[in-house]
Amino acid sequence: MTMSILTNILAITTTLCFFTNSYQPKLYYHSLYTSPSLTNNESISHHLYILTRRPHLAGTTANAEAASHVLSTLSANNIRSHLAEYAVSLTYPDSRSLKLTRPPPEPPTTFDLQQVVYKDDPYADVADQVEPTFHAYAKSGSVNGPVAYVNYGRVEDYTTLQETGINVTGSIVLARYGEIYRGDIVENAYEAGAIGVLIYSDRKDYGGGGGGAKWFPDGRWLPPSGVQVGSVFKGVGDPTTPGWPSSMEGCERLSEDEVEKAGNVPLIPSLPISGADGEQILRSIGGVVAQDDWQGDNDAPVYRIGPGPGVIELSYKAKQVIRTIQNVIGIIEGREEPDRFIILGNHRDAWTFGAVDPNSGTASLLEVAERFGKLQKKGWKPRRTIIFCNWDAEEYGLIGSTEWVEENQEMLASKVVAYLNVDVAVAGAGFHAYATPQLDQLIIEVIKQVQDPDNSSQTVYDSWVKAIENPEIGRLGGGGSDYVAFVQHIGVPSTDMSFGSAYPVYHSMYDDFVWMNKFGDPLFRRHLAAASIWGLLALKLADEEILPFNYSSYAYELQKSAEDLETELSGSSNISLIPLFKSIEKLNKAAVRINDKIKEIKEEKGWEFMWKNENKAWIMREVNDRLMLAERAFTDQDGLPERPWYKHLIYAPSKHDNYGSKGFPGVDDAIENANKLNTKDSWRSVQHQIWRVSRVITQAALVLHGELT
């Protein structure tokens, strides 16, 4: 009896010590994190300047040097760091040419395909290190044919052409950037029978719309010679190692033919071109006048569809190589739960200088690291482990993050609490957030604590709700950044955020420090706010005893998606959504139950609770495991039909727009197919996909419930 009492007293004392020596001080550290004594906009500006001194494309020496800067900064702030290297397949331009032939007497035009160095450009001496404009993983080849204008190159644009009686088979199509992923522009063109693709940046979308708008460096807009480069790969990770890591020690690889047969690389050549070159080609096109919403700005010529009479000769040759890429990994080990991970991720590689994309995010990541280093000096230690990940080769196809997740998949699936992504931290004003729904309330709580960078009298939350009539947190179903492997492959709760959204010099050589300093964030206050939000999210997830997740938000979001689906299928009498609605109700009940359990744990206080609950830590651990693992339950080992790498059945990219986010993507794809075929089997497939989604939602409800059936 005496020993039992002594054991209880020791357990109670340990728990009380935990409350007094760990929990309360951590709240103090969270407050300190955003204080002026820890924030430094000069430091963040300096990091961005260092990172963007020259172009640093994946696989280059310059990008390896940028990795060294990140590694040394993390190490200098008491963050144990290392490089995780992979040997991956990358492509670079070997040769390219573009020629336009018009009817006589107009002479042919051979385009120089150059982005012009502006007057007094401080980076003129390294401008020749920018790779010639190209599309990564574009098909090599030479094609010759009449040119046709296809607006944004979407499926609906080709439907419009078909309804007008225009056939682009055998043509080289001219599409403008702005609505869908460039890889989908190329694939849609191929499906329509085109033999080549040119993609340009229209002045209406990127040049200020004419009317005297000033382009960079006098204004924020893309100069006429500016070109948006980028990847046209539709997969994720190294194309030659789908589903397994590209190990430095050697690994199995697909051949070039096998990669092509996999269906994620283009089968016709493509090239990005400038707005000036695009307009010149548009002037050579005759035929039907395009409809009003296909036209350019008021200063543009009349856009016609063609094909022809202008004829394009397009030639592109790629060099494909195996190059080493480097992820920088930094670790602050947790004190109480070192086997639970909070991961902050950003990529480092850029098509050119990358001041906005991605190094505004990299500079913000280093600001978070420096503040955490200062907190450590003051005695802070996280409850859970915090991991910094600076990815490589994101621009080619999320390669660095995907290879790392594939290599560490089993460990990550069992230990990661949340992944917090920032790609572009700052592109301008206005806060934007995206998340899996259980993190919505946490984001709102955090942005209520951070001062708005453009109005010191209010918080980021205040400005967010005032600027947008019905502000919403977006979802992570698109394929645009490094959250993809975490959410869509292994099912990790995740966030993404930025200040500003689309910006005109995107992926061009004008995305440099000068543009950021003049137009993106002259005082670097937005960078500081981004670092404050990012770091506070990490601190709360790392330090709070009970994970700040709310699955009621998830159930609400799924209910909305199901109701939208019901509307879409209103004319399909043989399709039943009853299993879907029932599974969502189960999830909602489980969410309410675990929220009540959390409330009970938090409200019980004092000696009575301590005496009754010697194993309080184990109770919290079990609840946290349910909260962490429920997201995993939304995945299915077979993945999406024809896209098995995507395991998440709630969020994944649209089949025809990799940037587009879809709820219930398998159902959406099945409906599209059924609408085309309208057969019994195709509609049966729709019902099957609804059942699959219902089953994973039910599994998530069971995980939250925490008891066997």
# chains A, B, ... in the order shown; residues from 1 in each chain; ligands from 1

call {"tool": "select_by_dssp", "arguments": {"residues": "segment 51-263 of chain A", "states": "strand (DSSP E or B)", "output": "PyMOL selection string"}}
result
chain A and resi 80-101+109-110+135-136+141-149+172-176+196-200+215+221+230-231

call {"tool": "residues_around", "arguments": {"residues": "Val130 of chain A", "least_positions_apart": "2", "cutoff": "7 Å", "atoms": "only C-alpha atoms", "output": "ChimeraX atom specification"}}
result
/A:55,127-128,132,352

call {"tool": "write_last_selection", "arguments": {"atoms": "N, CA and C atoms", "output": "PDB file, in the first residue's frame"}}
result
ATOM      1  N   PRO A  55      20.748  32.748 -61.486  1.00  0.00           N
ATOM      2  CA  PRO A  55      19.785  31.670 -61.737  1.00  0.00           C
ATOM      3  C   PRO A  55      20.244  30.371 -61.083  1.00  0.00           C
ATOM      4  N   ALA A 127      22.928  37.086 -66.732  1.00  0.00           N
ATOM      5  CA  ALA A 127      21.734  36.774 -67.521  1.00  0.00           C
ATOM      6  C   ALA A 127      21.982  35.612 -68.477  1.00  0.00           C
ATOM      7  N   ASP A 128      23.239  35.461 -68.913  1.00  0.00           N
ATOM      8  CA  ASP A 128      23.531  34.366 -69.839  1.00  0.00           C
ATOM      9  C   ASP A 128      23.494  32.999 -69.144  1.00  0.00           C
ATOM     10  N   PRO A 132      18.056  28.818 -71.952  1.00  0.00           N
ATOM     11  CA  PRO A 132      17.148  29.237 -73.031  1.00  0.00           C
ATOM     12  C   PRO A 132      15.726  28.785 -72.733  1.00  0.00           C
ATOM     13  N   THR A 352      14.591  30.647 -63.019  1.00  0.00           N
ATOM     14  CA  THR A 352      15.584  31.707 -63.258  1.00  0.00           C
ATOM     15  C   THR A 352      16.097  32.188 -61.901  1.00  0.00           C
TER      16      THR A 352
END

call {"tool": "atom_distance", "arguments": {"atom1": "atom CA of Lys616 of chain A", "atom2": "atom CA of Arg383 of chain A"}}
result
15.5 Å

call {"tool": "closest_residue", "arguments": {"among": "A:Phe233, A:Asn63, A:Gly430, A:Ala262", "to": "Lys466 of chain A", "atoms": "only C-alpha atoms"}}
result
A:Gly430

call {"tool": "closest_atom_pairs", "arguments": {"of": "segment 163-204 of chain A", "to": "segment 89-112 of chain A", "cutoff": "12 Å", "atoms": "only C-alpha atoms", "output": "CSV"}}
result
residue,atom,partner,partner_atom,distance
A:Ile172,CA,A:Leu100,CA,11.2
A:Gly196,CA,A:Leu98,CA,11.5
A:Val197,CA,A:Leu98,CA,11.4
A:Leu198,CA,A:Leu98,CA,9.7

call {"tool": "write_last_selection", "arguments": {"atoms": "C-alpha atoms", "output": "PDB file, in the first residue's frame"}}
result
ATOM      1  CA  ILE A 172       0.452  23.762 -84.642  1.00  0.00           C
ATOM      2  CA  GLY A 196       2.881  20.951 -81.961  1.00  0.00           C
ATOM      3  CA  VAL A 197       2.102  23.624 -79.358  1.00  0.00           C
ATOM      4  CA  LEU A 198       3.221  27.195 -78.718  1.00  0.00           C
TER       5      LEU A 198
END

call {"tool": "atom_distance", "arguments": {"atom1": "atom CA of Glu367 of chain A", "atom2": "atom CA of Ala76 of chain A"}}
result
12.4 Å

call {"tool": "residues_around", "arguments": {"residues": "segment 418-423 of chain A", "least_positions_apart": "2", "cutoff": "6 Å", "atoms": "only C-alpha atoms", "output": "ChimeraX atom specification"}}
result
/A:342-346,358,361,416,425,492-497

call {"tool": "closest_residue", "arguments": {"among": "A:Trp645, A:Asp440, A:Trp464, A:Pro307", "to": "Tyr556 of chain A", "atoms": "only C-alpha atoms"}}
result
A:Asp440

call {"tool": "closest_residue", "arguments": {"among": "A:Met516, A:Ala175, A:Ala538, A:Val229", "to": "Trp294 of chain A", "atoms": "only C-alpha atoms"}}
result
A:Ala175

call {"tool": "atom_distance", "arguments": {"atom1": "atom CA of Tyr554 of chain A", "atom2": "atom CA of Leu439 of chain A"}}
result
8.9 Å

call {"tool": "closest_residue", "arguments": {"among": "A:Thr34, A:Gln115, A:Gln488, A:Ser553", "to": "Thr635 of chain A", "atoms": "only C-alpha atoms"}}
result
A:Gln488

call {"tool": "select_by_dssp", "arguments": {"residues": "segment 91-218 of chain A", "states": "alpha helix (DSSP H)", "output": "PyMOL selection string"}}
result
chain A and resi 155-164+182-191+203-206
